[in-house]
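Shown next: structure_26.tsv, containing TSV, C-alpha atoms.
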chain	number	residue	atom	x	y	z
A	754	MET	CA	-15.65	4.20	-17.11
A	755	ASP	CA	-19.14	2.74	-17.09
A	756	ASP	CA	-21.13	0.49	-14.75
A	757	PHE	CA	-19.68	-2.69	-16.31
A	758	ASP	CA	-16.12	-1.45	-15.70
A	759	ILE	CA	-17.01	-0.66	-12.08
A	760	ALA	CA	-18.56	-4.13	-11.66
A	761	ILE	CA	-15.41	-5.74	-13.05
A	762	LEU	CA	-13.17	-3.66	-10.79
A	763	LYS	CA	-15.23	-4.49	-7.70
A	764	ARG	CA	-14.74	-8.18	-8.35
A	765	LEU	CA	-11.06	-7.99	-9.27
A	766	GLN	CA	-10.04	-5.91	-6.28
A	767	THR	CA	-11.34	-8.56	-3.89
A	768	ASP	CA	-10.19	-11.60	-5.90
A	769	CYS	CA	-8.06	-11.08	-9.01
A	770	SER	CA	-7.87	-14.83	-9.62
A	771	GLN	CA	-11.39	-14.79	-11.10
A	772	ASN	CA	-11.36	-15.47	-14.82
A	773	SER	CA	-13.20	-13.51	-17.47
A	774	LEU	CA	-15.83	-16.21	-17.90
A	775	GLU	CA	-16.77	-16.11	-14.18
A	776	ILE	CA	-16.88	-12.32	-14.08
A	777	GLY	CA	-18.88	-12.13	-17.30
A	778	ALA	CA	-21.45	-14.61	-16.00
A	779	GLU	CA	-21.91	-12.53	-12.84
A	780	ILE	CA	-22.32	-9.18	-14.58
A	781	GLY	CA	-23.92	-10.16	-17.90
A	782	LEU	CA	-21.04	-9.78	-20.37
A	783	SER	CA	-19.19	-12.24	-22.58
A	784	ALA	CA	-15.74	-13.43	-21.49
A	785	SER	CA	-14.11	-11.67	-24.46
A	786	SER	CA	-15.85	-8.39	-23.60
A	787	VAL	CA	-14.59	-8.69	-20.01
A	788	GLN	CA	-11.05	-9.38	-21.28
A	789	ARG	CA	-11.13	-6.30	-23.54
A	790	ARG	CA	-12.38	-4.14	-20.69
A	791	ILE	CA	-9.71	-5.45	-18.29
A	792	LYS	CA	-7.00	-4.70	-20.86
A	793	LYS	CA	-8.40	-1.18	-21.29
A	794	LEU	CA	-8.47	-0.69	-17.50
A	795	LYS	CA	-4.85	-1.85	-17.23
A	796	ASP	CA	-3.73	0.35	-20.12
A	797	SER	CA	-5.45	3.39	-18.57
A	798	GLY	CA	-3.77	2.79	-15.21
A	799	ALA	CA	-7.03	2.11	-13.35
A	800	ILE	CA	-5.64	-1.35	-12.56
A	801	LYS	CA	-2.21	-0.70	-11.10
A	802	SER	CA	-1.10	-4.30	-10.50
A	803	GLU	CA	-2.23	-7.81	-9.72
A	804	ILE	CA	-0.63	-9.25	-6.59
A	805	ALA	CA	-0.91	-12.06	-4.08
A	806	VAL	CA	-1.68	-10.75	-0.59
A	807	LEU	CA	0.23	-12.82	1.93
A	808	ASN	CA	-1.02	-13.57	5.42
A	809	PRO	CA	1.59	-12.16	7.85
A	810	ASP	CA	0.45	-14.66	10.49
A	811	SER	CA	1.98	-17.38	8.32
A	812	PHE	CA	5.46	-15.94	8.88
A	813	LYS	CA	6.94	-16.10	12.38
A	814	GLY	CA	8.34	-13.01	14.01
A	815	LEU	CA	7.12	-10.30	11.65
A	816	VAL	CA	6.39	-6.99	13.35
A	817	THR	CA	4.15	-4.31	11.85
A	818	VAL	CA	4.98	-0.77	12.94
A	819	ILE	CA	3.07	2.41	12.13
A	820	VAL	CA	5.40	5.41	12.25
A	821	GLU	CA	4.45	9.09	12.34
A	822	VAL	CA	7.19	11.43	11.15
A	823	VAL	CA	7.53	15.19	11.59
A	824	LEU	CA	10.11	16.91	9.38
A	825	HIS	CA	12.08	20.01	10.36
A	826	LYS	CA	11.45	21.62	7.00
A	827	GLY	CA	9.15	20.82	4.12
A	828	GLY	CA	9.29	21.87	0.52
A	829	THR	CA	9.16	19.76	-2.57
A	830	ALA	CA	12.85	18.78	-2.57
A	831	ALA	CA	12.90	17.71	1.11
A	832	ILE	CA	9.65	15.77	0.81
A	833	ASN	CA	10.84	14.03	-2.37
A	834	ARG	CA	14.21	13.09	-0.81
A	835	PHE	CA	12.53	11.60	2.25
A	836	SER	CA	9.88	9.81	0.15
A	837	GLU	CA	12.53	8.33	-2.14
A	838	LYS	CA	14.47	6.94	0.83
A	839	LEU	CA	11.28	5.31	2.13
A	840	ASN	CA	10.31	3.99	-1.31
A	841	ASN	CA	13.70	2.27	-1.59
A	842	THR	CA	13.25	0.40	1.71
A	843	ASN	CA	11.63	-3.03	1.28
A	844	ALA	CA	10.19	-3.12	4.81
A	845	VAL	CA	8.22	0.06	4.11
A	846	GLN	CA	4.86	-1.02	2.75
A	847	GLN	CA	2.88	2.20	2.63
A	848	VAL	CA	3.82	5.88	2.83
A	849	PHE	CA	1.26	8.64	3.29
A	850	TYR	CA	2.13	12.34	3.05
A	851	ILE	CA	-0.46	13.84	5.38
A	852	ALA	CA	-1.86	17.07	6.77
A	853	GLY	CA	-2.05	17.42	10.54
A	854	GLN	CA	0.46	17.23	13.36
A	855	ALA	CA	2.76	14.86	11.46
A	856	ASP	CA	4.05	15.08	7.91
A	857	PHE	CA	4.15	11.36	7.08
A	858	MET	CA	2.42	8.19	8.21
A	859	ILE	CA	4.42	5.06	7.35
A	860	ILE	CA	3.48	1.40	7.62
A	861	MET	CA	6.42	-0.97	7.94
A	862	VAL	CA	6.62	-4.73	8.28
A	863	CYS	CA	9.95	-5.80	9.77
A	864	GLN	CA	11.53	-9.20	10.41
A	865	ASP	CA	11.64	-8.43	14.13
A	866	MET	CA	12.18	-5.50	16.52
A	867	ALA	CA	15.95	-5.56	15.95
A	868	HIS	CA	15.31	-5.09	12.23
A	869	PHE	CA	12.97	-2.18	12.96
A	870	GLU	CA	15.59	-0.61	15.24
A	871	GLN	CA	18.21	-0.89	12.50
A	872	LEU	CA	15.88	0.65	9.91
A	873	SER	CA	14.69	3.45	12.20
A	874	GLN	CA	18.31	4.39	12.85
A	875	GLY	CA	18.97	4.92	9.14
A	876	LEU	CA	15.59	6.29	8.12
A	877	PHE	CA	14.73	8.51	11.07
A	878	MET	CA	17.38	8.94	13.78
A	879	ASP	CA	20.29	9.72	11.43
A	880	ASN	CA	18.16	11.89	9.13
A	881	GLU	CA	18.85	15.54	10.00
A	882	ASN	CA	15.51	16.62	8.55
A	883	VAL	CA	13.49	14.35	10.87
A	884	ALA	CA	12.45	16.46	13.84
A	885	LYS	CA	10.49	13.69	15.56
A	886	PHE	CA	9.12	10.24	14.91
A	887	THR	CA	6.67	8.14	16.88
A	888	SER	CA	6.47	4.36	16.49
A	889	ASN	CA	3.34	2.34	17.16
A	890	VAL	CA	3.76	-1.43	17.22
A	891	VAL	CA	0.70	-3.28	15.95
A	892	ILE	CA	-0.62	-5.83	18.46
A	893	GLY	CA	-3.21	-7.30	16.11
A	894	THR	CA	-4.78	-6.55	12.75
A	895	LYS	CA	-8.57	-6.28	12.87
A	896	LYS	CA	-9.07	-5.27	9.23
A	897	GLN	CA	-6.72	-4.92	6.31
A	898	SER	CA	-7.80	-4.08	2.79
A	899	LEU	CA	-6.70	-2.15	-0.24
A	900	ALA	CA	-10.15	-2.26	-1.82
A	901	LEU	CA	-11.54	1.11	-2.90
A	902	MET	CA	-15.17	2.10	-2.41
A	903	LEU	CA	-16.59	2.05	-5.93
Could I get this file's structure written as structure tokens?
Amino acid sequence: MDDFDIAILKRLQTDCSQNSLEIGAEIGLSASSVQRRIKKLKDSGAIKSEIAVLNPDSFKGLVTVIVEVVLHKGGTAAINRFSEKLNNTNAVQQVFYIAGQADFMIIMVCQDMAHFEQLSQGLFMDNENVAKFTSNVVIGTKKQSLALML
């Protein structure tokens, strides 16, 4: 990955609707060269996906909850089982396996608090391997980004 690839990635991760001509004009490459590089970056897995980021404020009632989870026992099988259950839950947006006092940090966006209660019952309360979980309801989002420092 060279400086041109990094320049392309910086632009795409903040606005993937830019076309190859616009990007090329900004960084000094032809549109076809930019297209070839983007294809190579996709094929290599450096570009994971292209998505539309929705504004949660545009949807009434949504509740963002950050959940810390402590498991009774770890190990690859237990961690994979728990991760798979989270990965199969649409309201779960991000899952981090972490070091520290908790084992997992989970970001969920639920339809409302009743929806969160229903999900927490199945994901955490009824899970025999969950020793403890702590829920933090987000009052307001001050910054949200998936952009990497390149």
Need the neighbours of (13.1, 3.7, 9.9): which residues are at most 12 Å away, counting all atoms listed in the file, as an mmCIF file with C-alpha atoms, in the coordinates of the input?
data_model
loop_
_atom_site.group_PDB
_atom_site.id
_atom_site.type_symbol
_atom_site.label_atom_id
_atom_site.label_comp_id
_atom_site.auth_asym_id
_atom_site.auth_seq_id
_atom_site.Cartn_x
_atom_site.Cartn_y
_atom_site.Cartn_z
ATOM 1 C CA VAL A 818 4.980 -0.770 12.940
ATOM 2 C CA ILE A 819 3.070 2.410 12.130
ATOM 3 C CA VAL A 820 5.400 5.410 12.250
ATOM 4 C CA GLU A 821 4.450 9.090 12.340
ATOM 5 C CA VAL A 822 7.190 11.430 11.150
ATOM 6 C CA PHE A 835 12.530 11.600 2.250
ATOM 7 C CA SER A 836 9.880 9.810 0.150
ATOM 8 C CA LYS A 838 14.470 6.940 0.830
ATOM 9 C CA LEU A 839 11.280 5.310 2.130
ATOM 10 C CA ASN A 840 10.310 3.990 -1.310
ATOM 11 C CA ASN A 841 13.700 2.270 -1.590
ATOM 12 C CA THR A 842 13.250 0.400 1.710
ATOM 13 C CA ASN A 843 11.630 -3.030 1.280
ATOM 14 C CA ALA A 844 10.190 -3.120 4.810
ATOM 15 C CA VAL A 845 8.220 0.060 4.110
ATOM 16 C CA GLN A 846 4.860 -1.020 2.750
ATOM 17 C CA VAL A 848 3.820 5.880 2.830
ATOM 18 C CA MET A 858 2.420 8.190 8.210
ATOM 19 C CA ILE A 859 4.420 5.060 7.350
ATOM 20 C CA ILE A 860 3.480 1.400 7.620
ATOM 21 C CA MET A 861 6.420 -0.970 7.940
ATOM 22 C CA VAL A 862 6.620 -4.730 8.280
ATOM 23 C CA CYS A 863 9.950 -5.800 9.770
ATOM 24 C CA MET A 866 12.180 -5.500 16.520
ATOM 25 C CA ALA A 867 15.950 -5.560 15.950
ATOM 26 C CA HIS A 868 15.310 -5.090 12.230
ATOM 27 C CA PHE A 869 12.970 -2.180 12.960
ATOM 28 C CA GLU A 870 15.590 -0.610 15.240
ATOM 29 C CA GLN A 871 18.210 -0.890 12.500
ATOM 30 C CA LEU A 872 15.880 0.650 9.910
ATOM 31 C CA SER A 873 14.690 3.450 12.200
ATOM 32 C CA GLN A 874 18.310 4.390 12.850
ATOM 33 C CA GLY A 875 18.970 4.920 9.140
ATOM 34 C CA LEU A 876 15.590 6.290 8.120
ATOM 35 C CA PHE A 877 14.730 8.510 11.070
ATOM 36 C CA MET A 878 17.380 8.940 13.780
ATOM 37 C CA ASP A 879 20.290 9.720 11.430
ATOM 38 C CA ASN A 880 18.160 11.890 9.130
ATOM 39 C CA VAL A 883 13.490 14.350 10.870
ATOM 40 C CA LYS A 885 10.490 13.690 15.560
ATOM 41 C CA PHE A 886 9.120 10.240 14.910
ATOM 42 C CA THR A 887 6.670 8.140 16.880
ATOM 43 C CA SER A 888 6.470 4.360 16.490
#
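Nearest-residue note for Lys763 in chain A: choosing from A:Ile832, A:Ile892, A:Met902, A:Ala778, the minimum distance belongs to A:Met902, counting only C-alpha atoms.
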| What lies within 12 Å of Pro809 in chain A using all atoms listed in the file, ignoring chain neighbours under 4 positions off, as a PyMOL selection string? | chain A and resi 813-817+862-864+893-894+897
Between CA of Ser802 in chain A and CA of Asp768 in chain A lies a distance of 12.5 Å
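The two atoms in question, CA of Val806 in chain A and CA of Lys792 in chain A, are spaced 21.8 Å apart.
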Would you mind completing range 809-825 of chain A so that it carries N, CA and C atoms, and writing it out as a short mmCIF file (atom, residue, chain, number, x, y, z; two decimals), in the frame of the given file?
data_model
loop_
_atom_site.label_atom_id
_atom_site.label_comp_id
_atom_site.auth_asym_id
_atom_site.auth_seq_id
_atom_site.Cartn_x
_atom_site.Cartn_y
_atom_site.Cartn_z
N PRO A 809 0.41 -12.32 7.00
CA PRO A 809 1.59 -12.16 7.85
C PRO A 809 1.64 -13.15 9.01
N ASP A 810 0.48 -13.68 9.41
CA ASP A 810 0.45 -14.66 10.49
C ASP A 810 1.12 -15.97 10.09
N SER A 811 1.32 -16.16 8.80
CA SER A 811 1.98 -17.38 8.32
C SER A 811 3.50 -17.30 8.42
N PHE A 812 4.01 -16.15 8.82
CA PHE A 812 5.46 -15.94 8.88
C PHE A 812 5.83 -15.52 10.30
N LYS A 813 6.59 -16.35 10.97
CA LYS A 813 6.94 -16.10 12.38
C LYS A 813 7.79 -14.84 12.54
N GLY A 814 7.49 -14.10 13.59
CA GLY A 814 8.34 -13.01 14.01
C GLY A 814 8.11 -11.66 13.37
N LEU A 815 7.32 -11.58 12.31
CA LEU A 815 7.12 -10.30 11.65
C LEU A 815 6.46 -9.30 12.59
N VAL A 816 6.91 -8.06 12.50
CA VAL A 816 6.39 -6.99 13.35
C VAL A 816 5.93 -5.85 12.43
N THR A 817 4.67 -5.45 12.59
CA THR A 817 4.15 -4.31 11.85
C THR A 817 4.25 -3.07 12.75
N VAL A 818 4.80 -2.01 12.19
CA VAL A 818 4.98 -0.77 12.94
C VAL A 818 4.41 0.38 12.11
N ILE A 819 3.60 1.21 12.77
CA ILE A 819 3.07 2.41 12.13
C ILE A 819 3.85 3.59 12.70
N VAL A 820 4.48 4.35 11.82
CA VAL A 820 5.40 5.41 12.25
C VAL A 820 4.87 6.76 11.76
N GLU A 821 4.77 7.70 12.68
CA GLU A 821 4.45 9.09 12.34
C GLU A 821 5.75 9.86 12.32
N VAL A 822 5.95 10.68 11.28
CA VAL A 822 7.19 11.43 11.15
C VAL A 822 6.88 12.92 10.97
N VAL A 823 7.60 13.73 11.73
CA VAL A 823 7.53 15.19 11.59
C VAL A 823 8.89 15.65 11.06
N LEU A 824 8.88 16.39 9.96
CA LEU A 824 10.11 16.91 9.38
C LEU A 824 10.40 18.30 9.92
N HIS A 825 11.69 18.65 9.97
CA HIS A 825 12.08 20.01 10.36
C HIS A 825 11.60 21.01 9.33
#
